$ cat start_29.tsv   # TSV, C-alpha atoms and all ligand atoms
chain	number	residue	atom	x	y	z
A	1367	MET	CA	-155.42	43.01	56.90
A	1368	PRO	CA	-155.23	45.18	60.04
A	1369	PRO	CA	-155.70	48.88	59.26
A	1370	SER	CA	-152.53	50.99	59.00
A	1371	LEU	CA	-154.42	54.19	59.80
A	1372	ARG	CA	-156.38	55.49	62.76
A	1373	ALA	CA	-158.52	58.61	63.04
A	1374	LYS	CA	-157.29	61.36	65.35
A	1375	ILE	CA	-159.18	64.44	66.46
A	1376	THR	CA	-157.30	67.50	65.25
A	1377	ALA	CA	-159.71	70.26	66.36
A	1378	VAL	CA	-162.80	70.79	68.52
A	1379	GLY	CA	-165.35	73.58	67.98
A	1380	THR	CA	-168.53	74.48	69.84
A	1381	TYR	CA	-171.58	76.69	69.78
A	1382	VAL	CA	-174.10	77.36	72.53
A	1383	PRO	CA	-176.80	80.00	72.17
A	1384	PRO	CA	-176.25	82.93	74.55
A	1385	LYS	CA	-179.73	82.92	76.12
A	1386	LEU	CA	-179.93	81.18	79.53
A	1387	LEU	CA	-182.75	79.22	81.13
A	1388	THR	CA	-181.94	79.11	84.83
A	1389	ASN	CA	-183.45	77.03	87.63
A	1390	ALA	CA	-185.08	80.24	88.87
A	1391	ASP	CA	-186.74	80.66	85.44
A	1392	LEU	CA	-188.09	77.09	85.70
A	1393	GLU	CA	-189.42	77.75	89.21
A	1394	ARG	CA	-191.70	80.32	87.55
A	1395	LEU	CA	-192.93	77.78	84.94
A	1396	VAL	CA	-193.57	74.57	86.92
A	1397	ASP	CA	-193.78	73.33	90.51
A	1398	THR	CA	-190.06	72.81	91.09
A	1399	SER	CA	-187.16	74.33	93.04
A	1400	ASP	CA	-183.53	75.19	92.46
A	1401	GLU	CA	-182.70	72.90	95.38
A	1402	TRP	CA	-184.52	69.87	93.84
A	1403	ILE	CA	-182.98	70.34	90.41
A	1404	LEU	CA	-179.47	70.87	91.76
A	1405	THR	CA	-179.47	67.95	94.19
A	1406	ARG	CA	-181.23	65.46	91.88
A	1407	THR	CA	-179.44	66.37	88.64
A	1408	GLY	CA	-176.51	68.77	89.23
A	1409	ILE	CA	-177.96	71.33	86.79
A	1410	SER	CA	-178.04	75.10	87.55
A	1411	GLU	CA	-178.71	76.50	84.11
A	1412	ARG	CA	-178.94	75.53	80.46
A	1413	HIS	CA	-178.85	77.47	77.19
A	1414	ARG	CA	-181.76	77.85	74.80
A	1415	VAL	CA	-182.10	79.10	71.26
A	1416	GLU	CA	-184.13	82.12	70.25
A	1417	PRO	CA	-187.09	81.34	67.96
A	1418	GLY	CA	-185.85	80.89	64.38
A	1419	MET	CA	-182.54	79.26	65.28
A	1420	ALA	CA	-182.45	75.55	64.42
A	1421	THR	CA	-180.10	72.62	64.94
A	1422	SER	CA	-178.35	73.13	61.59
A	1423	ASP	CA	-177.51	76.74	62.59
A	1424	MET	CA	-175.84	75.62	65.81
A	1425	ALA	CA	-174.14	72.69	64.03
A	1426	ALA	CA	-172.78	74.98	61.30
A	1427	ALA	CA	-171.51	77.48	63.90
A	1428	ALA	CA	-169.71	74.71	65.82
A	1429	ALA	CA	-168.23	73.39	62.55
A	1430	ARG	CA	-166.98	76.86	61.56
A	1431	ASP	CA	-165.33	77.21	64.98
A	1432	CYS	CA	-163.73	73.77	64.59
A	1433	LEU	CA	-162.35	74.48	61.09
A	1434	ALA	CA	-161.08	77.93	62.15
A	1435	ARG	CA	-159.16	76.35	65.07
A	1436	ARG	CA	-157.55	73.91	62.60
A	1437	GLY	CA	-156.86	76.76	60.16
A	1438	LEU	CA	-158.79	75.10	57.33
A	1439	GLY	CA	-161.52	76.28	54.99
A	1440	PRO	CA	-164.72	74.39	54.18
A	1441	GLU	CA	-163.21	72.95	50.98
A	1442	ALA	CA	-161.04	70.63	53.13
A	1443	VAL	CA	-164.06	68.66	54.37
A	1444	GLU	CA	-164.86	65.37	52.60
A	1445	ALA	CA	-167.75	64.10	54.75
A	1446	ILE	CA	-170.11	65.56	57.36
A	1447	LEU	CA	-171.81	63.35	59.93
A	1448	VAL	CA	-174.38	64.98	62.21
A	1449	ALA	CA	-175.68	63.24	65.33
A	1450	THR	CA	-179.03	64.70	66.39
A	1451	VAL	CA	-182.56	63.81	67.55
A	1452	THR	CA	-183.79	67.30	66.74
A	1453	PRO	CA	-183.15	67.75	63.01
A	1454	ASP	CA	-184.51	70.99	61.51
A	1455	MET	CA	-187.05	68.71	59.80
A	1456	LEU	CA	-187.22	64.98	59.07
A	1457	PHE	CA	-185.63	65.53	55.68
A	1458	PRO	CA	-183.48	66.84	54.15
A	1459	SER	CA	-180.85	65.65	56.60
A	1460	THR	CA	-179.17	68.17	58.89
A	1461	ALA	CA	-175.88	67.14	57.25
A	1462	CYS	CA	-177.17	68.50	53.91
A	1463	LEU	CA	-178.27	71.75	55.57
A	1464	VAL	CA	-174.89	72.13	57.27
A	1465	GLN	CA	-173.01	71.39	54.01
A	1466	HIS	CA	-174.97	74.17	52.33
A	1467	LYS	CA	-174.53	76.65	55.20
A	1468	LEU	CA	-170.77	76.02	55.34
A	1469	GLY	CA	-170.41	76.05	51.56
A	1470	VAL	CA	-168.47	72.76	51.39
A	1471	PRO	CA	-167.99	72.15	47.65
A	1472	ASN	CA	-167.37	68.38	47.36
A	1473	CYS	CA	-168.52	66.18	50.19
A	1474	TRP	CA	-171.17	63.73	51.29
A	1475	GLY	CA	-172.74	63.01	54.66
A	1476	PHE	CA	-175.72	61.93	56.65
A	1477	ASP	CA	-177.42	62.13	60.04
A	1478	VAL	CA	-177.02	59.62	62.87
A	1479	LEU	CA	-180.06	59.14	65.09
A	1480	ALA	CA	-178.92	57.56	68.34
A	1481	ALA	CA	-179.92	60.14	70.96
A	1482	CYS	CA	-177.36	60.59	73.74
A	1483	SER	CA	-174.97	58.05	72.18
A	1484	GLY	CA	-175.27	59.70	68.77
A	1485	PHE	CA	-172.01	61.60	68.88
A	1486	LEU	CA	-170.06	58.45	69.80
A	1487	TYR	CA	-171.71	56.45	67.02
A	1488	ALA	CA	-170.99	59.23	64.48
A	1489	LEU	CA	-167.39	59.47	65.72
A	1490	ALA	CA	-166.80	55.73	65.27
A	1491	THR	CA	-168.42	55.84	61.81
A	1492	GLY	CA	-166.31	58.82	60.76
A	1493	ALA	CA	-163.21	57.13	62.16
A	1494	SER	CA	-163.94	54.08	59.99
A	1495	LEU	CA	-163.98	56.26	56.86
A	1496	ILE	CA	-160.54	57.55	57.85
A	1497	ALA	CA	-159.14	54.13	58.81
A	1498	ALA	CA	-160.34	52.74	55.46
A	1499	GLY	CA	-158.03	55.22	53.78
A	1500	THR	CA	-160.86	56.62	51.64
A	1501	HIS	CA	-161.24	59.96	53.48
A	1502	ARG	CA	-158.70	62.40	54.93
A	1503	ARG	CA	-160.96	64.94	56.66
A	1504	VAL	CA	-164.31	64.09	58.23
A	1505	LEU	CA	-166.38	66.54	60.26
A	1506	VAL	CA	-168.34	64.90	63.09
A	1507	ILE	CA	-170.98	67.05	64.77
A	1508	GLY	CA	-173.28	66.51	67.75
A	1509	ALA	CA	-176.08	69.08	67.90
A	1510	ASP	CA	-179.46	69.23	69.57
A	1511	THR	CA	-182.15	71.84	70.07
A	1512	MET	CA	-183.79	69.96	72.92
A	1513	THR	CA	-185.91	72.97	73.92
A	1514	SER	CA	-187.87	72.44	70.66
A	1515	ILE	CA	-189.20	69.05	71.88
A	1516	ILE	CA	-189.60	69.72	75.61
A	1517	ASP	CA	-192.97	70.08	77.32
A	1518	TYR	CA	-192.61	73.10	79.60
A	1519	THR	CA	-195.60	71.93	81.64
A	1520	ASP	CA	-193.89	68.63	82.58
A	1521	ARG	CA	-191.59	69.23	85.54
A	1522	ALA	CA	-190.10	65.73	85.29
A	1523	THR	CA	-188.44	66.47	81.94
A	1524	CYS	CA	-188.35	70.24	81.37
A	1525	VAL	CA	-185.63	70.85	83.95
A	1526	LEU	CA	-183.19	68.41	82.37
A	1527	PHE	CA	-182.41	69.51	78.83
A	1528	GLY	CA	-180.68	72.36	77.00
A	1529	ASP	CA	-179.43	73.36	73.53
A	1530	GLY	CA	-175.93	73.24	72.09
A	1531	ALA	CA	-173.56	71.86	69.47
A	1532	GLY	CA	-170.00	70.58	69.20
A	1533	ALA	CA	-167.89	69.51	66.24
A	1534	VAL	CA	-164.61	67.66	65.80
A	1535	LEU	CA	-162.40	67.18	62.76
A	1536	LEU	CA	-161.04	63.69	62.15
A	1537	GLU	CA	-157.81	63.19	60.20
A	1538	PRO	CA	-155.60	60.15	59.57
A	1539	SER	CA	-152.75	59.10	61.82
A	1540	PRO	CA	-150.41	56.16	61.11
A	1541	VAL	CA	-151.06	53.35	63.60
A	1542	GLU	CA	-147.40	53.58	64.77
A	1543	GLU	CA	-148.18	57.07	66.20
A	1544	ASP	CA	-150.60	55.37	68.64
A	1545	LEU	CA	-152.96	58.37	68.55
A	1546	GLY	CA	-156.68	58.71	67.93
A	1547	LEU	CA	-159.56	56.27	68.38
A	1548	LEU	CA	-158.10	53.07	69.84
A	1549	ASP	CA	-161.22	51.03	70.50
A	1550	TYR	CA	-164.98	51.24	71.00
A	1551	ILE	CA	-167.79	49.13	72.41
A	1552	HIS	CA	-171.32	50.05	71.36
A	1553	GLN	CA	-174.61	48.36	72.17
A	1554	ILE	CA	-178.30	48.94	71.47
A	1555	GLU	CA	-181.10	47.35	73.52
A	1556	GLY	CA	-184.50	48.22	72.06
A	1557	PHE	CA	-186.50	46.98	75.04
A	1558	GLY	CA	-185.80	50.42	76.53
A	1559	GLY	CA	-187.65	52.28	73.78
A	1560	PRO	CA	-190.82	53.04	75.76
A	1561	SER	CA	-188.79	54.51	78.65
A	1562	LEU	CA	-187.54	57.52	76.68
A	1563	TYR	CA	-189.18	58.55	73.44
A	1564	MET	CA	-191.20	61.02	71.42
A	1565	PRO	CA	-194.48	59.20	70.74
A	1566	ALA	CA	-195.77	61.01	67.62
A	1567	GLY	CA	-194.59	62.65	64.44
A	1568	GLY	CA	-193.26	59.47	62.81
A	1569	SER	CA	-194.89	56.85	60.57
A	1570	LEU	CA	-196.60	55.09	63.50
A	1571	HIS	CA	-198.46	58.15	64.78
A	1572	PRO	CA	-198.25	60.89	62.14
A	1573	ALA	CA	-198.88	64.43	63.36
A	1574	SER	CA	-202.56	65.20	63.86
A	1575	ALA	CA	-204.68	67.50	65.98
A	1576	ASP	CA	-205.06	64.57	68.40
A	1577	THR	CA	-201.33	63.93	68.77
A	1578	VAL	CA	-200.82	67.62	69.46
A	1579	ALA	CA	-203.65	67.67	72.01
A	1580	ARG	CA	-202.12	64.64	73.74
A	1581	ARG	CA	-198.74	66.43	73.87
A	1582	GLU	CA	-197.12	63.54	72.01
A	1583	HIS	CA	-194.59	65.67	70.11
A	1584	PHE	CA	-192.55	66.14	73.26
A	1585	VAL	CA	-189.98	64.01	75.12
A	1586	HIS	CA	-191.62	61.41	77.37
A	1587	GLN	CA	-189.39	59.75	79.95
A	1588	ASP	CA	-189.67	57.19	82.73
A	1589	GLY	CA	-186.83	58.82	84.64
A	1590	LYS	CA	-186.40	56.09	87.25
A	1591	ALA	CA	-186.15	53.29	84.65
A	1592	VAL	CA	-183.62	55.21	82.54
A	1593	PHE	CA	-181.62	56.15	85.63
A	1594	LYS	CA	-181.39	52.52	86.77
A	1595	TYR	CA	-180.27	51.35	83.32
A	1596	ALA	CA	-177.81	54.22	82.84
A	1597	VAL	CA	-176.07	53.71	86.19
A	1598	LEU	CA	-175.61	50.01	85.46
A	1599	LYS	CA	-174.65	50.33	81.80
A	1600	MET	CA	-172.23	53.25	82.04
A	1601	PHE	CA	-170.15	51.28	84.51
A	1602	GLU	CA	-170.42	47.95	82.67
A	1603	ILE	CA	-169.40	49.30	79.28
A	1604	CYS	CA	-166.56	51.44	80.66
A	1605	GLU	CA	-165.19	48.55	82.69
A	1606	ALA	CA	-165.37	46.28	79.61
A	1607	ILE	CA	-163.43	48.64	77.34
A	1608	LEU	CA	-160.73	49.28	79.95
A	1609	LYS	CA	-160.32	45.53	80.55
A	1610	ARG	CA	-160.20	44.70	76.84
A	1611	ASN	CA	-157.37	47.20	76.36
A	1612	GLY	CA	-155.41	46.15	79.44
A	1613	VAL	CA	-155.71	49.52	81.19
A	1614	THR	CA	-157.18	50.61	84.51
A	1615	ALA	CA	-158.95	53.77	85.64
A	1616	LYS	CA	-155.61	54.96	87.07
A	1617	ASP	CA	-154.12	55.03	83.54
A	1618	LEU	CA	-156.80	57.46	82.33
A	1619	ASP	CA	-155.93	61.14	81.96
A	1620	CYS	CA	-159.52	62.17	81.35
A	1621	PHE	CA	-163.05	60.74	81.47
A	1622	ILE	CA	-165.64	62.60	79.40
A	1623	PRO	CA	-169.07	61.11	80.12
A	1624	HIS	CA	-172.44	62.05	78.64
A	1625	GLN	CA	-173.99	64.67	80.91
A	1626	ALA	CA	-177.50	63.47	81.85
A	1627	ASN	CA	-177.30	63.45	85.62
A	1628	LEU	CA	-174.42	64.26	87.98
A	1629	ARG	CA	-175.37	61.24	90.12
A	1630	ILE	CA	-174.88	58.87	87.12
A	1631	ILE	CA	-171.46	60.43	86.40
A	1632	GLN	CA	-170.35	60.20	90.03
A	1633	SER	CA	-171.57	56.63	90.47
A	1634	THR	CA	-169.69	55.52	87.33
A	1635	GLY	CA	-166.53	57.29	88.43
A	1636	GLU	CA	-166.64	55.86	91.95
A	1637	ARG	CA	-167.26	52.28	90.78
A	1638	LEU	CA	-164.44	52.51	88.23
A	1639	GLY	CA	-162.07	54.04	90.82
A	1640	LEU	CA	-161.57	57.20	88.75
A	1641	ASP	CA	-159.94	60.35	90.10
A	1642	PRO	CA	-162.85	62.88	90.24
A	1643	LYS	CA	-160.40	65.63	89.19
A	1644	ARG	CA	-159.98	63.85	85.85
A	1645	THR	CA	-163.71	63.54	85.21
A	1646	LEU	CA	-165.19	66.29	83.07
A	1647	VAL	CA	-168.39	67.70	84.54
A	1648	ASN	CA	-170.18	70.63	82.92
A	1649	ILE	CA	-173.82	69.58	83.39
A	1650	ASN	CA	-174.24	72.46	85.84
A	1651	LYS	CA	-174.03	75.06	83.04
A	1652	PHE	CA	-175.47	73.19	80.02
A	1653	GLY	CA	-177.91	70.54	81.31
A	1654	ASN	CA	-178.37	67.56	78.99
A	1655	THR	CA	-177.73	68.65	75.40
A	1656	THR	CA	-178.13	65.04	74.11
A	1657	ALA	CA	-175.75	64.59	71.12
A	1658	ALA	CA	-173.73	67.69	72.03
A	1659	THR	CA	-172.65	66.78	75.57
A	1660	ILE	CA	-169.44	64.94	74.64
A	1661	PRO	CA	-167.95	67.46	72.17
A	1662	LEU	CA	-168.91	70.27	74.58
A	1663	GLY	CA	-167.14	68.22	77.25
A	1664	MET	CA	-164.04	67.87	75.04
A	1665	HIS	CA	-163.89	71.63	74.66
A	1666	ASP	CA	-164.17	72.23	78.41
A	1667	ALA	CA	-161.63	69.47	79.15
A	1668	GLN	CA	-159.19	71.28	76.84
A	1669	GLU	CA	-159.88	74.57	78.64
A	1670	GLN	CA	-159.29	72.89	82.02
A	1671	GLY	CA	-155.95	71.42	80.89
A	1672	LEU	CA	-157.20	67.81	81.12
A	1673	LEU	CA	-156.27	67.04	77.50
A	1674	HIS	CA	-152.75	67.06	76.08
A	1675	PRO	CA	-150.97	65.09	73.34
A	1676	ASN	CA	-150.97	61.37	74.26
A	1677	ALA	CA	-153.59	61.80	77.01
A	1678	LEU	CA	-155.58	58.57	77.43
A	1679	VAL	CA	-159.27	59.51	77.24
A	1680	LEU	CA	-162.42	57.53	77.98
A	1681	LEU	CA	-165.74	58.64	76.47
A	1682	ALA	CA	-169.07	57.06	77.48
A	1683	ALA	CA	-172.77	57.59	76.92
A	1684	VAL	CA	-176.12	55.93	77.60
A	1685	GLY	CA	-179.41	57.17	76.22
A	1686	ALA	CA	-182.73	56.66	74.48
A	1687	GLY	CA	-183.10	53.44	72.54
A	1688	TYR	CA	-181.54	52.20	74.71
A	1689	THR	CA	-178.21	53.06	73.11
A	1690	CYS	CA	-174.86	53.02	74.81
A	1691	GLY	CA	-171.20	53.23	74.00
A	1692	ALA	CA	-167.70	53.66	75.38
A	1693	GLN	CA	-164.62	54.70	73.46
A	1694	LEU	CA	-160.96	54.82	74.33
A	1695	LEU	CA	-158.71	57.30	72.55
A	1696	ARG	CA	-155.31	58.92	72.72
A	1697	TRP	CA	-155.62	62.67	72.37
A	1698	ALA	CA	-153.55	64.05	69.52
A	1699	VAL	CA	-153.33	67.83	69.85
A	1701	LIG	O1	-179.70	61.46	78.52
A	1701	LIG	C1	-180.79	60.64	78.36
A	1701	LIG	C2	-180.87	59.66	79.43
A	1701	LIG	N1	-181.60	60.20	80.55
A	1701	LIG	C3	-181.16	60.02	81.77
A	1701	LIG	O2	-180.11	59.45	81.99
A	1701	LIG	C4	-182.04	60.49	82.89
A	1701	LIG	C5	-182.12	59.44	83.96
A	1701	LIG	N2	-183.03	59.79	85.05
A	1701	LIG	C6	-182.74	60.78	85.93
A	1701	LIG	O3	-181.76	61.49	85.79
A	1701	LIG	C7	-183.63	60.94	87.15
A	1701	LIG	O4	-184.49	59.83	87.22
A	1701	LIG	C8	-184.48	62.25	87.15
A	1701	LIG	C9	-183.57	63.45	87.39
A	1701	LIG	C10	-185.21	62.40	85.84
A	1701	LIG	C11	-185.49	62.20	88.29
A	1701	LIG	O5	-184.81	62.03	89.54
A	1701	LIG	P1	-185.31	60.92	90.58
A	1701	LIG	O6	-184.44	61.03	91.75
A	1701	LIG	O7	-185.33	59.59	89.84
A	1701	LIG	O8	-186.74	61.42	90.91
A	1701	LIG	P2	-188.15	60.68	90.74
A	1701	LIG	O9	-188.54	60.62	89.30
A	1701	LIG	O10	-188.10	59.40	91.52
A	1701	LIG	O11	-189.10	61.64	91.49
A	1701	LIG	C12	-188.98	61.87	92.91
A	1701	LIG	C13	-190.00	62.89	93.32
A	1701	LIG	C14	-191.41	62.58	92.80
A	1701	LIG	O12	-192.33	63.03	93.77
A	1701	LIG	P3	-192.97	61.96	94.79
A	1701	LIG	O13	-193.67	60.94	93.94
A	1701	LIG	O14	-191.81	61.37	95.55
A	1701	LIG	O15	-193.87	62.80	95.62
A	1701	LIG	C15	-191.55	63.49	91.59
A	1701	LIG	O16	-192.87	63.82	91.31
A	1701	LIG	O17	-189.64	64.18	92.74
A	1701	LIG	C16	-190.76	64.70	92.02
A	1701	LIG	N3	-190.24	65.50	90.93
A	1701	LIG	C17	-189.92	66.79	91.04
A	1701	LIG	N4	-190.00	67.63	92.11
A	1701	LIG	C18	-189.57	68.88	91.91
A	1701	LIG	C19	-189.98	65.09	89.65
A	1701	LIG	N5	-189.49	66.13	88.95
A	1701	LIG	C20	-189.45	67.20	89.79
A	1701	LIG	C21	-189.03	68.53	89.65
A	1701	LIG	N6	-189.11	69.32	90.73
A	1701	LIG	N7	-188.54	69.01	88.50
$ encode --input "start_29.tsv" --output "structure tokens"
Amino acid sequence: MPPSLRAKITAVGTYVPPKLLTNADLERLVDTSDEWILTRTGISERHRVEPGMATSDMAAAAARDCLARRGLGPEAVEAILVATVTPDMLFPSTACLVQHKLGVPNCWGFDVLAACSGFLYALATGASLIAAGTHRRVLVIGADTMTSIIDYTDRATCVLFGDGAGAVLLEPSPVEEDLGLLDYIHQIEGFGGPSLYMPAGGSLHPASADTVARREHFVHQDGKAVFKYAVLKMFEICEAILKRNGVTAKDLDCFIPHQANLRIIQSTGERLGLDPKRTLVNINKFGNTTAATIPLGMHDAQEQGLLHPNALVLLAAVGAGYTCGAQLLRWAV
């Protein structure tokens, strides 16, 4: 039986820590330049947490902002899904920590580990709970403290990432309203694992003095390989979802891509024939916040007037795994 419900986003909340890490700051740490970072990535600055602040703190702050904008208290939430690659610790899940920090009395939830595509995968999972008719309010959060796993002696990675969190509330919408998540295409291709990963700290290479000495608890990336894959895949998956739904780039009101590199965003937009004015770009001020880029992008798109009721929105991400995904939705609020 086709579902009679869809999930619509009824509020967006965000949190970024106030402290900035600018390109000038990085020039003092490694052999790099503002000019290189800006021209190769589009990043000017990123935010970073103070010691003691963890992913669950940012996630809870974004969730509070989201619920306040919807005018609801924590008791309204029935499930919490948190996309992150930087949980406070391997377990308990960040979802449990967020539930406790928010004081949600009766809910369940879990973490989604899919790197830069994590928020999309959590959004589709949360939307399925709504479409099944079993849940009426699901909180979906993307949050990452990337500065906790970055090697600030490695110029190839340390300039790219920042910290932040975003949260959305999903609620049901009758299919006849034609709002909310319309369709998604997701794909994982594990051959890309060695191109972007954190080598140690899991069951294969548990933490030891050796893994620390080898700097294996940090992000390791073959930037060129990931770039090549991302440029190809972002276009492919976006083109496929547009085609499957009988729409073209001209029908889109807003494109919110994962923010890993301005050149990847521009190449995708150009190949799709998208109006650059309808493409959300905020990488310059946040860098790559992994699972948080898309909800942070939703917030900025709202601020810029790119989102309005019935706006047709394309979301897309490619990241470690490899993971990738594209989603088409009609904005509800
Ligand atoms: O969100 C997760 C998915 N991740 C991505 O999508 C990232 C994809 N990759 C990229 O965005 C790009 O590959 C990077 C921004 C990481 C690198 O840009 P690139 O244009 O691919 O540069 P490259 O790695 O080919 O390096 C070019 C040169 C090298 O020097 P030589 O060998 O030409 O002398 C690097 O050593 O730039 C050098 N370089 C730097 N120079 C100054 C690398 N990092 C830096 C740096 N500052 N920070």
$ closest_atom_pairs --input "start_29.tsv" --of "chain A" --to "ligand LIG 1701 (chain A)" --cutoff "6 Å" --atoms "only C-alpha atoms and all ligand atoms" --output "tab-separated table"
residue	atom	partner	partner_atom	distance
A:Thr1398	CA	A:LIG1701	N6	3.6
A:Ser1399	CA	A:LIG1701	N6	5.9
A:Trp1402	CA	A:LIG1701	C18	5.5
A:Arg1406	CA	A:LIG1701	C9	5.4
A:Thr1407	CA	A:LIG1701	C9	5.2
A:Cys1482	CA	A:LIG1701	O1	5.4
A:Arg1521	CA	A:LIG1701	N7	4.3
A:Ala1522	CA	A:LIG1701	N5	3.7
A:Val1525	CA	A:LIG1701	N7	5.7
A:Gly1589	CA	A:LIG1701	O4	3.6
A:Lys1590	CA	A:LIG1701	O4	4.2
A:Val1592	CA	A:LIG1701	C5	4.7
A:Phe1593	CA	A:LIG1701	C5	3.7
A:Ala1596	CA	A:LIG1701	O2	5.8
A:Ala1626	CA	A:LIG1701	O1	4.5
A:Asn1627	CA	A:LIG1701	O3	4.9
A:Thr1656	CA	A:LIG1701	O1	5.9
A:Gly1685	CA	A:LIG1701	C1	4.3
A:Ala1686	CA	A:LIG1701	C1	5.9
$ atom_distance --input "start_29.tsv" --atom1 "atom CA of Val1578 of chain A" --atom2 "atom CA of Met1564 of chain A"
11.8 Å
$ closest_residue --input "start_29.tsv" --among "A:Ile1507, A:Leu1618, A:Val1464, A:Met1512" --to "Phe1584 of chain A" --atoms "only C-alpha atoms"
A:Met1512
$ residues_around --input "start_29.tsv" --residues "Pro1417 of chain A" --least-positions-apart "3" --cutoff "12 Å" --atoms "only C-alpha atoms" --output "ChimeraX atom specification"
/A:1383,1385,1414,1420-1421,1423,1511,1513-1514
$ residues_around --input "start_29.tsv" --residues "segment 1434-1439 of chain A" --least-positions-apart "5" --cutoff "10 Å" --atoms "only C-alpha atoms" --output "PyMOL selection string"
chain A and resi 1376-1379+1428-1429+1468-1470+1534-1535
$ closest_residue --input "start_29.tsv" --among "A:Ala1488, A:Cys1604, A:Ala1682, A:Leu1536" --to "Ala1373 of chain A" --atoms "all atoms listed in the file"
A:Leu1536
$ residues_around --input "start_29.tsv" --residues "Ala1667 of chain A" --least-positions-apart "4" --cutoff "12 Å" --atoms "all atoms listed in the file" --output "list of chain:residue names"
A:Val1378, A:Asp1619, A:Cys1620, A:Phe1621, A:Ile1622, A:Pro1623, A:Lys1643, A:Arg1644, A:Thr1645, A:Leu1646, A:Val1647, A:Asn1648, A:Thr1659, A:Ile1660, A:Pro1661, A:Leu1662, A:Gly1663, A:Gly1671, A:Leu1672, A:Leu1673, A:His1674, A:Ala1677, A:Val1679, A:Leu1681, A:Trp1697
$ atom_distance --input "start_29.tsv" --atom1 "atom CA of Cys1432 of chain A" --atom2 "atom CA of Ile1375 of chain A"
10.5 Å
$ build_atoms --input "start_29.tsv" --residues "segment 1667-1678 of chain A" --atoms "N, CA and C atoms" --output "compact mmCIF listing (two decimals), in the frame of the given file"
# COMPACT_ATOMS: atom_id res chain seq x y z
N ALA A 1667 -162.79 70.22 78.64
CA ALA A 1667 -161.63 69.47 79.15
C ALA A 1667 -160.34 70.10 78.62
N GLN A 1668 -160.36 70.57 77.38
CA GLN A 1668 -159.19 71.28 76.84
C GLN A 1668 -158.93 72.55 77.65
N GLU A 1669 -160.01 73.31 77.89
CA GLU A 1669 -159.88 74.57 78.64
C GLU A 1669 -159.32 74.33 80.04
N GLN A 1670 -159.72 73.20 80.64
CA GLN A 1670 -159.29 72.89 82.02
C GLN A 1670 -157.92 72.21 82.07
N GLY A 1671 -157.29 72.03 80.92
CA GLY A 1671 -155.95 71.42 80.89
C GLY A 1671 -155.96 69.91 81.11
N LEU A 1672 -157.13 69.27 80.91
CA LEU A 1672 -157.20 67.81 81.12
C LEU A 1672 -156.74 67.04 79.89
N LEU A 1673 -156.65 67.72 78.74
CA LEU A 1673 -156.27 67.04 77.50
C LEU A 1673 -154.93 67.58 77.01
N HIS A 1674 -154.05 66.67 76.63
CA HIS A 1674 -152.75 67.06 76.08
C HIS A 1674 -152.34 65.94 75.13
N PRO A 1675 -151.36 66.16 74.26
CA PRO A 1675 -150.97 65.09 73.34
C PRO A 1675 -150.61 63.82 74.11
N ASN A 1676 -151.16 62.71 73.66
CA ASN A 1676 -150.97 61.37 74.26
C ASN A 1676 -151.86 61.09 75.47
N ALA A 1677 -152.69 62.05 75.88
CA ALA A 1677 -153.59 61.80 77.01
C ALA A 1677 -154.51 60.62 76.66
N LEU A 1678 -154.68 59.70 77.63
CA LEU A 1678 -155.58 58.57 77.43
C LEU A 1678 -156.98 58.99 77.90
